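Q: I am sharing run_33.cif, which consists of mmCIF, C-alpha atoms:
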```cif
data_coords
#
loop_
_atom_site.label_atom_id
_atom_site.label_comp_id
_atom_site.auth_asym_id
_atom_site.auth_seq_id
_atom_site.Cartn_x
_atom_site.Cartn_y
_atom_site.Cartn_z
CA MET A 147 -22.65 52.28 0.56
CA ILE A 148 -25.58 53.41 -1.61
CA GLN A 149 -23.42 55.89 -3.51
CA LEU A 150 -20.80 53.25 -4.29
CA LYS A 151 -23.49 50.90 -5.58
CA LEU A 152 -24.92 53.55 -7.87
CA THR A 153 -21.47 54.38 -9.18
CA SER A 154 -20.83 50.72 -9.94
CA GLN A 155 -24.15 50.42 -11.80
CA ASP A 156 -23.37 53.58 -13.77
CA ASN A 157 -19.97 52.23 -14.77
CA THR A 158 -21.52 48.96 -15.92
CA ARG A 159 -24.10 50.84 -17.97
CA VAL A 160 -21.40 52.98 -19.59
CA ASN A 161 -19.33 49.89 -20.44
CA VAL A 162 -22.35 48.21 -22.05
CA ILE A 163 -23.06 51.34 -24.12
CA LEU A 164 -19.44 51.53 -25.23
CA PHE A 165 -19.41 47.89 -26.29
CA LEU A 166 -22.71 48.29 -28.18
CA THR A 167 -21.20 51.33 -29.91
CA LEU A 168 -18.31 49.14 -31.01
CA VAL A 169 -20.78 46.54 -32.34
CA ILE A 170 -22.65 49.20 -34.37
CA ALA A 171 -19.31 50.40 -35.75
CA LEU A 172 -18.45 46.84 -36.77
CA ILE A 173 -21.78 46.33 -38.59
CA SER A 174 -21.46 49.68 -40.39
CA ILE A 175 -17.93 48.90 -41.53
CA SER A 176 -18.97 45.38 -42.57
CA PHE A 177 -21.34 46.90 -45.12
CA ALA A 178 -18.28 48.22 -47.01
CA PRO A 179 -17.68 45.12 -49.20
CA ILE A 180 -21.40 45.06 -50.07
CA PHE A 181 -21.26 48.67 -51.25
CA ILE A 182 -17.91 48.07 -52.97
CA ARG A 183 -19.27 45.10 -54.94
CA ILE A 184 -22.13 47.25 -56.24
CA SER A 185 -19.86 50.21 -56.97
CA GLU A 186 -17.24 48.19 -58.85
CA ASN A 187 -19.86 47.17 -61.40
CA GLU A 188 -19.16 50.64 -62.80
CA LEU A 189 -16.16 52.17 -61.05
CA SER A 190 -12.64 50.92 -60.41
CA ALA A 191 -11.40 50.13 -56.91
CA ASN A 192 -9.43 53.39 -56.68
CA SER A 193 -12.37 55.50 -57.85
CA THR A 194 -14.59 53.74 -55.31
CA VAL A 195 -12.14 54.53 -52.49
CA PHE A 196 -11.93 58.17 -53.65
CA ASN A 197 -15.73 58.57 -53.59
CA ARG A 198 -15.88 56.96 -50.15
CA LEU A 199 -13.45 59.49 -48.68
CA PHE A 200 -14.65 62.48 -50.70
CA ILE A 201 -18.34 62.06 -49.82
CA PHE A 202 -17.54 61.79 -46.13
CA PHE A 203 -15.30 64.86 -46.29
CA ILE A 204 -17.93 66.98 -48.06
CA VAL A 205 -20.96 65.95 -45.96
CA PHE A 206 -19.33 65.84 -42.53
CA GLY A 207 -17.05 68.79 -43.29
CA LEU A 208 -20.09 70.92 -44.12
CA ALA A 209 -21.89 69.70 -41.00
CA GLN A 210 -18.83 70.47 -38.89
CA THR A 211 -18.57 73.97 -40.34
CA ILE A 212 -22.23 74.72 -39.65
CA ARG A 213 -21.93 73.33 -36.14
CA GLN A 214 -18.88 75.45 -35.36
CA ARG A 215 -20.51 78.57 -36.80
CA PHE A 216 -23.82 78.35 -34.91
CA TYR A 217 -22.91 76.20 -31.89
CA PHE A 218 -19.27 77.03 -31.38
CA SER A 219 -19.50 77.19 -27.60
CA GLU A 220 -20.77 73.62 -27.49
CA ASN A 221 -18.18 72.17 -29.84
CA ILE A 222 -14.74 72.14 -28.31
CA GLU A 223 -12.46 70.15 -30.61
CA ILE A 224 -9.06 70.80 -29.07
CA LYS A 225 -8.67 69.40 -25.57
CA SER A 226 -5.13 70.66 -24.89
CA PRO A 227 -2.50 72.95 -26.50
CA LEU A 228 -1.23 71.62 -29.82
CA THR A 229 2.37 71.04 -30.82
CA PRO A 230 4.02 70.38 -34.21
CA LYS A 231 3.90 66.70 -33.27
CA HIS A 232 0.08 66.78 -33.20
CA TRP A 233 -0.10 68.35 -36.67
CA LEU A 234 2.35 65.76 -37.96
CA LEU A 235 0.19 62.97 -36.53
CA LEU A 236 -2.88 64.43 -38.26
CA LEU A 237 -1.02 64.39 -41.55
CA LEU A 238 0.13 60.83 -40.95
CA VAL A 239 -3.46 59.74 -40.25
CA GLY A 240 -4.39 60.61 -43.82
CA ILE A 241 -1.25 59.11 -45.32
CA MET A 242 -1.43 55.85 -43.38
CA SER A 243 -5.15 55.47 -44.08
CA ILE A 244 -4.95 56.01 -47.83
CA THR A 245 -1.88 53.78 -48.03
CA SER A 246 -3.71 50.96 -46.25
CA LEU A 247 -6.85 51.36 -48.39
CA GLY A 248 -4.78 51.58 -51.56
CA LEU A 249 -2.80 48.43 -50.80
CA TRP A 250 -6.04 46.64 -49.88
CA ALA A 251 -7.60 47.64 -53.21
CA ILE A 252 -4.51 46.47 -55.14
CA SER A 253 -4.45 43.13 -53.34
CA LEU A 254 -8.00 42.41 -54.54
CA GLN A 255 -6.71 42.48 -58.12
CA TYR A 256 -4.44 39.50 -57.45
CA THR A 257 -5.92 37.39 -54.67
CA SER A 258 -9.34 36.26 -53.50
CA VAL A 259 -11.55 38.32 -51.21
CA ALA A 260 -11.23 35.62 -48.54
CA ASN A 261 -7.42 35.74 -48.65
CA CYS A 262 -7.42 39.54 -48.64
CA MET A 263 -9.78 39.79 -45.67
CA LEU A 264 -7.90 37.09 -43.78
CA LEU A 265 -4.46 38.68 -44.14
CA ASN A 266 -5.74 42.21 -43.61
CA ASN A 267 -7.23 41.01 -40.32
CA MET A 268 -3.73 40.22 -39.07
CA THR A 269 -3.67 43.89 -38.02
CA PRO A 270 -3.82 43.06 -34.26
CA ILE A 271 -0.45 41.32 -34.48
CA PHE A 272 1.22 44.41 -35.91
CA THR A 273 -0.73 46.76 -33.63
CA SER A 274 0.38 44.87 -30.53
CA ILE A 275 3.99 44.62 -31.67
CA LEU A 276 4.14 48.33 -32.49
CA ALA A 277 2.45 49.28 -29.20
CA TRP A 278 5.02 47.17 -27.36
CA LEU A 279 7.97 48.63 -29.32
CA LEU A 280 6.88 52.28 -29.32
CA PHE A 281 4.89 52.71 -26.11
CA LYS A 282 6.14 49.80 -23.95
CA LYS A 283 2.56 48.58 -23.62
CA GLN A 284 2.19 45.33 -21.67
CA PHE A 285 -0.38 42.59 -22.31
CA ASP A 286 -1.52 39.99 -19.81
CA SER A 287 -1.72 36.30 -20.64
CA GLN A 288 -5.51 36.32 -21.01
CA PHE A 289 -5.40 39.08 -23.64
CA ILE A 290 -2.65 37.25 -25.56
CA LEU A 291 -4.60 33.98 -25.39
CA GLY A 292 -7.74 35.70 -26.66
CA MET A 293 -5.82 37.33 -29.50
CA ILE A 294 -4.24 34.03 -30.53
CA LEU A 295 -7.62 32.29 -30.41
CA ALA A 296 -9.30 35.01 -32.50
CA LEU A 297 -6.50 34.98 -35.06
CA SER A 298 -6.74 31.19 -35.20
CA GLY A 299 -10.43 31.53 -36.00
CA ALA A 300 -9.66 33.96 -38.82
CA ILE A 301 -7.06 31.58 -40.23
CA PHE A 302 -9.53 28.70 -39.93
CA LEU A 303 -12.03 30.66 -42.03
CA GLY A 304 -9.49 31.29 -44.76
CA LEU A 305 -8.04 27.78 -45.04
CA GLN A 306 -10.63 26.65 -47.57
CA ASP A 307 -9.69 29.44 -49.96
CA LEU A 308 -5.91 29.67 -49.57
CA GLN A 309 -4.05 29.14 -52.82
CA GLY A 310 -0.36 29.14 -53.67
CA THR A 311 0.00 30.61 -57.18
CA ASN A 312 2.44 33.47 -57.82
CA SER A 313 -0.34 35.97 -58.52
CA HIS A 314 -2.08 35.05 -55.27
CA LEU A 315 1.18 35.40 -53.36
CA ILE A 316 1.59 38.94 -54.74
CA GLY A 317 -1.94 39.80 -53.62
CA ASP A 318 -1.33 38.21 -50.24
CA PHE A 319 1.77 40.37 -49.80
CA TYR A 320 -0.17 43.57 -50.54
CA ALA A 321 -2.96 42.54 -48.14
CA LEU A 322 -0.45 41.81 -45.39
CA LEU A 323 1.30 45.14 -45.99
CA SER A 324 -2.09 46.85 -45.82
CA ALA A 325 -2.58 45.34 -42.35
CA VAL A 326 0.75 46.84 -41.21
CA PHE A 327 -0.29 50.36 -42.23
CA LEU A 328 -3.75 49.86 -40.72
CA GLY A 329 -2.12 48.93 -37.42
CA ILE A 330 -0.04 52.13 -37.56
CA TYR A 331 -3.22 54.09 -38.30
CA PHE A 332 -4.95 52.70 -35.19
CA LEU A 333 -2.01 53.67 -32.99
CA ILE A 334 -1.92 57.21 -34.38
CA VAL A 335 -5.67 57.69 -33.86
CA GLU A 336 -5.35 56.40 -30.31
CA GLN A 337 -2.77 59.12 -29.62
CA LEU A 338 -4.81 61.87 -31.29
CA ARG A 339 -8.03 61.10 -29.39
CA ASN A 340 -6.58 63.00 -26.40
CA HIS A 341 -6.55 66.21 -28.46
CA PHE A 342 -9.14 65.99 -31.26
CA SER A 343 -12.68 64.71 -31.71
CA ALA A 344 -13.33 61.63 -33.81
CA THR A 345 -14.97 63.71 -36.55
CA THR A 346 -11.95 66.02 -36.82
CA ILE A 347 -9.56 63.08 -37.13
CA LEU A 348 -11.70 61.45 -39.81
CA LEU A 349 -12.02 64.73 -41.72
CA TRP A 350 -8.24 64.92 -41.87
CA ARG A 351 -8.10 61.28 -42.92
CA CYS A 352 -10.61 61.71 -45.73
CA GLY A 353 -9.46 65.17 -46.81
CA ILE A 354 -5.82 64.18 -47.22
CA GLY A 355 -6.80 60.84 -48.74
CA SER A 356 -9.05 62.49 -51.33
CA VAL A 357 -6.36 64.99 -52.34
CA LEU A 358 -3.79 62.23 -52.76
CA LEU A 359 -6.15 60.05 -54.80
CA VAL A 360 -7.41 62.67 -57.27
CA PRO A 361 -4.29 62.91 -59.48
CA PHE A 362 -3.72 59.15 -59.26
CA VAL A 363 -7.28 58.30 -60.34
CA LEU A 364 -7.32 60.91 -63.11
CA PHE A 365 -4.01 59.59 -64.44
CA THR A 366 -4.90 55.90 -64.36
CA GLU A 367 -8.69 55.75 -64.59
CA GLU A 368 -11.31 56.92 -67.06
CA LYS A 369 -14.06 57.78 -64.59
CA LEU A 370 -13.92 59.62 -61.25
CA PHE A 371 -17.64 59.78 -60.36
CA PRO A 372 -20.44 57.27 -61.09
CA ASN A 373 -23.19 57.72 -63.68
CA THR A 374 -25.91 55.34 -62.45
CA TRP A 375 -28.07 55.81 -59.38
CA GLU A 376 -27.20 52.34 -58.07
CA THR A 377 -23.52 53.21 -57.97
CA TRP A 378 -24.24 56.60 -56.43
CA LEU A 379 -26.20 54.89 -53.64
CA ALA A 380 -23.31 52.47 -53.13
CA VAL A 381 -20.60 55.14 -52.81
CA ILE A 382 -22.88 57.31 -50.66
CA GLY A 383 -23.35 54.29 -48.41
CA LEU A 384 -19.59 53.87 -48.25
CA GLY A 385 -19.10 57.52 -47.36
CA LEU A 386 -21.92 57.97 -44.86
CA ILE A 387 -22.45 54.51 -43.34
CA SER A 388 -19.13 52.65 -43.56
CA GLU A 389 -16.88 55.71 -43.27
CA GLY A 390 -19.13 58.24 -41.51
CA LEU A 391 -20.94 56.08 -38.98
CA GLY A 392 -18.61 53.08 -38.71
CA GLN A 393 -15.20 54.75 -38.69
CA ARG A 394 -16.38 57.64 -36.51
CA LEU A 395 -17.80 55.33 -33.85
CA LEU A 396 -14.61 53.29 -34.11
CA ALA A 397 -12.53 56.39 -33.40
CA ASP A 398 -14.79 57.14 -30.42
CA CYS A 399 -14.17 53.64 -29.07
CA LEU A 400 -10.40 54.15 -29.32
CA ASP A 401 -10.81 56.69 -26.52
CA LYS A 402 -11.83 53.86 -24.15
CA PHE A 403 -10.54 50.57 -25.62
CA SER A 404 -6.95 49.78 -26.57
CA SER A 405 -6.02 49.87 -30.26
CA SER A 406 -4.98 46.20 -30.06
CA PHE A 407 -8.43 45.14 -28.83
CA ILE A 408 -10.19 47.31 -31.44
CA ALA A 409 -8.12 45.76 -34.22
CA MET A 410 -8.81 42.27 -32.91
CA PHE A 411 -12.55 42.92 -32.55
CA LEU A 412 -12.62 43.82 -36.24
CA LEU A 413 -11.74 40.19 -36.98
CA LEU A 414 -15.53 39.73 -36.91
CA GLU A 415 -15.81 41.93 -40.00
CA PRO A 416 -15.50 39.16 -42.63
CA ILE A 417 -18.09 37.07 -40.77
CA VAL A 418 -20.60 39.93 -40.57
CA SER A 419 -19.92 40.75 -44.22
CA ALA A 420 -20.56 37.11 -45.13
CA ILE A 421 -23.91 37.21 -43.31
CA LEU A 422 -24.84 40.44 -45.12
CA ALA A 423 -23.83 38.88 -48.47
CA TRP A 424 -26.02 35.87 -47.64
CA VAL A 425 -29.01 38.14 -46.95
CA ILE A 426 -28.48 40.57 -49.85
CA PHE A 427 -26.80 38.46 -52.55
CA ALA A 428 -28.00 35.00 -51.42
CA GLU A 429 -24.42 33.79 -51.00
CA GLY A 430 -24.24 30.52 -49.11
CA LEU A 431 -22.80 30.21 -45.60
CA THR A 432 -20.79 27.08 -44.79
CA SER A 433 -20.33 25.20 -41.54
CA ILE A 434 -16.74 26.49 -41.52
CA THR A 435 -18.10 30.03 -41.18
CA GLY A 436 -20.14 29.01 -38.13
CA VAL A 437 -17.21 27.28 -36.43
CA GLY A 438 -14.90 30.21 -37.16
CA PHE A 439 -17.53 32.58 -35.82
CA MET A 440 -17.61 30.75 -32.48
CA ILE A 441 -13.80 30.60 -32.23
CA ILE A 442 -13.41 34.32 -32.89
CA LEU A 443 -16.21 35.25 -30.48
CA THR A 444 -14.53 33.21 -27.75
CA GLY A 445 -11.21 34.92 -28.38
CA ILE A 446 -12.79 38.37 -28.33
CA TYR A 447 -14.58 37.60 -25.06
CA LEU A 448 -11.32 36.53 -23.41
CA ALA A 449 -9.49 39.62 -24.62
CA GLN A 450 -12.32 42.04 -23.76
CA SER A 451 -12.59 40.69 -20.22
CA SER A 452 -8.83 40.96 -19.60
CA HIS A 453 -7.17 43.84 -17.77
CA SER A 454 -5.22 44.84 -20.89
CA ALA A 455 -8.47 45.72 -22.72
#
```
Can you dump the structure from the file as structure tokens?

A:
Amino acid sequence: MIQLKLTSQDNTRVNVILFLTLVIALISISFAPIFIRISENELSANSTVFNRLFIFFIVFGLAQTIRQRFYFSENIEIKSPLTPKHWLLLLLVGIMSITSLGLWAISLQYTSVANCMLLNNMTPIFTSILAWLLFKKQFDSQFILGMILALSGAIFLGLQDLQGTNSHLIGDFYALLSAVFLGIYFLIVEQLRNHFSATTILLWRCGIGSVLLVPFVLFTEEKLFPNTWETWLAVIGLGLISEGLGQRLLADCLDKFSSSFIAMFLLLEPIVSAILAWVIFAEGLTSITGVGFMIILTGIYLAQSSHSA
């Protein structure tokens, strides 16, 4: 009896820690638009994305190399024998990630930030559909209700800024397509977490993404690296906080939570970013933001407490 009670308490404590880890990941990722706004005062969107991936790859790649060299016995990356399928998935992680980030950056050239964030947050729809088609994953009614409620909250937030011009429709299309590739990325990472650590997966993501972006940026842009210290701090923040801390913790959470729930939880990202913009840039928060915040939180609670999560 006593042992069962202790085990139950331990499980509760672990679940709380995991959920707090997911919250920290969300806040770290939500800093990305703040850093991007500062960076794009000097750099283009593509150069900003390159620096984000490249800085993470250099810093965490060096740390990983040192760790393996001096603490190899304590750092077991591969959890089971690898097959060509695993190496293909690692390659696809980089391709899907850079494709999603690239489409997201392009969409910002045509549509508003609110529209872009709203449509990009439709990722849970595509993640759930793909999980159902590819892996026959089932979702209970509570999870589906929570997902619908959270998506409704995201739509509610974007209603005040939706516009119907041709240029905005083009940007909306790119943002929606970015959400599709982001959903594929989440599913691939979820599969790879049985064989690789989160850091290894992200190193592949950033390494491949950086290599693919270099020729593109050099061909289309004038500047690859920043010149001012403000921009350097911004891209370093993107690489170490948004990418390093946020995305790594997110990959850790994919080992315990479903990719559909992770994608849906990230619907809070535009709200957290809005709060950060209010604190840092003194941007006003409307009553619509507060109502949308409550709707999304309710949806996330329903989904997180369901058996599917």

Q: Show which residues sit within 12 Å of region 440-452 of chain A, as number ranges by chain. Count all atoms listed in the file, and ignore same-chain residues fewer than 3 positions away.

A: A: 161-162, 164-165, 168, 267, 270, 285-303, 402-418, 433-437, 455

Q: Go through A:Thr229, A:Ser176, A:Thr245, A:Gln393 one by one, measure the shortest atom-to-atom distance of each to His341 (chain A) using only C-alpha atoms, and give the residue with the smallest value.

A: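 Looking at the shortest contact to His341 (chain A), the residue is A:Thr229.
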
Q: Would you mind listing what lies within 9 Å of region 374-376 of chain A as a VMD selection string, with only C-alpha atoms counted and same-chain residues fewer than 5 positions away left out?

A: chain A and resid 184 to 185 188 381

Q: Between CA of Glu367 (chain A) and CA of Ile347 (chain A), what distance in Å does the model show, to one decimal?

A: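 One can read the CA of Glu367 (chain A) to CA of Ile347 (chain A) distance as 28.4 Å.
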
Q: Take the PyMOL selection byres ((chain A and resi 178) around 10), run it mentally on this structure, and tell me the resulting residues as an MDAnalysis selection string.

A: chainID A and resid 173:177 179:183 198 380:381 383:385 387:389 392 415 419

Q: Can you give me, as a PyMOL selection string, the residues this file yields under the PyMOL selection byres ((chain A and resi 396) around 9)?

A: chain A and resi 167-168+171-172+344+391-395+397-400+408

Q: Keeping only C-alpha atoms, write the selected residues to a file as a compact mmCIF listing (two decimals), in the frame of the given file.

A:
```
# COMPACT_ATOMS: atom_id res chain seq x y z
CA THR A 167 -21.20 51.33 -29.91
CA LEU A 168 -18.31 49.14 -31.01
CA ALA A 171 -19.31 50.40 -35.75
CA LEU A 172 -18.45 46.84 -36.77
CA ALA A 344 -13.33 61.63 -33.81
CA LEU A 391 -20.94 56.08 -38.98
CA GLY A 392 -18.61 53.08 -38.71
CA GLN A 393 -15.20 54.75 -38.69
CA ARG A 394 -16.38 57.64 -36.51
CA LEU A 395 -17.80 55.33 -33.85
CA ALA A 397 -12.53 56.39 -33.40
CA ASP A 398 -14.79 57.14 -30.42
CA CYS A 399 -14.17 53.64 -29.07
CA LEU A 400 -10.40 54.15 -29.32
CA ILE A 408 -10.19 47.31 -31.44
```

Q: The PyMOL selection byres ((chain A and resi 273) around 10) on the file shown: which residues, as number ranges by chain?

A: A: 268-272, 274-279, 325-333, 404-410

Q: Calculate, to one decimal in Å, the centre and edge lengths of the box along x, y and z of the file that holds all listed atoms of region 238-249 of chain A with 3 Å of margin on each side, and present them as lines of an AutoDock Vina configuration file.

A:
```
center_x = -3.4
center_y = 54.6
center_z = -45.9
size_x = 13.0
size_y = 18.4
size_z = 17.3
```

Q: Just checking: using all atoms listed in the file, which residue out of A:Val425, A:Ile252, A:Val357, A:Leu265 ends up closest to Ser190 (chain A)?

A: A:Ile252

Q: Hey, can you check how far CA of Thr346 (chain A) sits from CA of Ser324 (chain A)?

A: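 We find that CA of Thr346 (chain A) and CA of Ser324 (chain A) lie 23.4 Å from each other.
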
Q: When you count all atoms listed in the file, which of these residues is closest to Asn187 (chain A): A:Pro372, A:Pro230, A:Gly438, A:Gly353?

A: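 Looking only at the distances to Asn187 (chain A), the closest residue turns out to be A:Pro372.
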
Q: Name the closest residue to Ile382 (chain A) among the candidates A:Ser356, A:Ser253, A:Thr345, A:Asn197; distances are taken between atoms, counting all atoms listed in the file.

A: A:Asn197

Q: What does the distance from CA of Gly355 (chain A) to CA of Ile241 (chain A) come to in Å, to one decimal?

A: 6.7 Å

Q: Rank A:Trp350, A:Phe371, A:Phe319, A:Phe427 by their smallest atom-to-atom distance to Thr194 (chain A), using only C-alpha atoms, and report the top residue only.

A: A:Phe371

Q: Ranking A:Asn266, A:Gln255, A:Ser243, A:Asn192 by minimum distance to Pro361 (chain A) and counting all atoms listed in the file, which one comes first?

A: A:Asn192
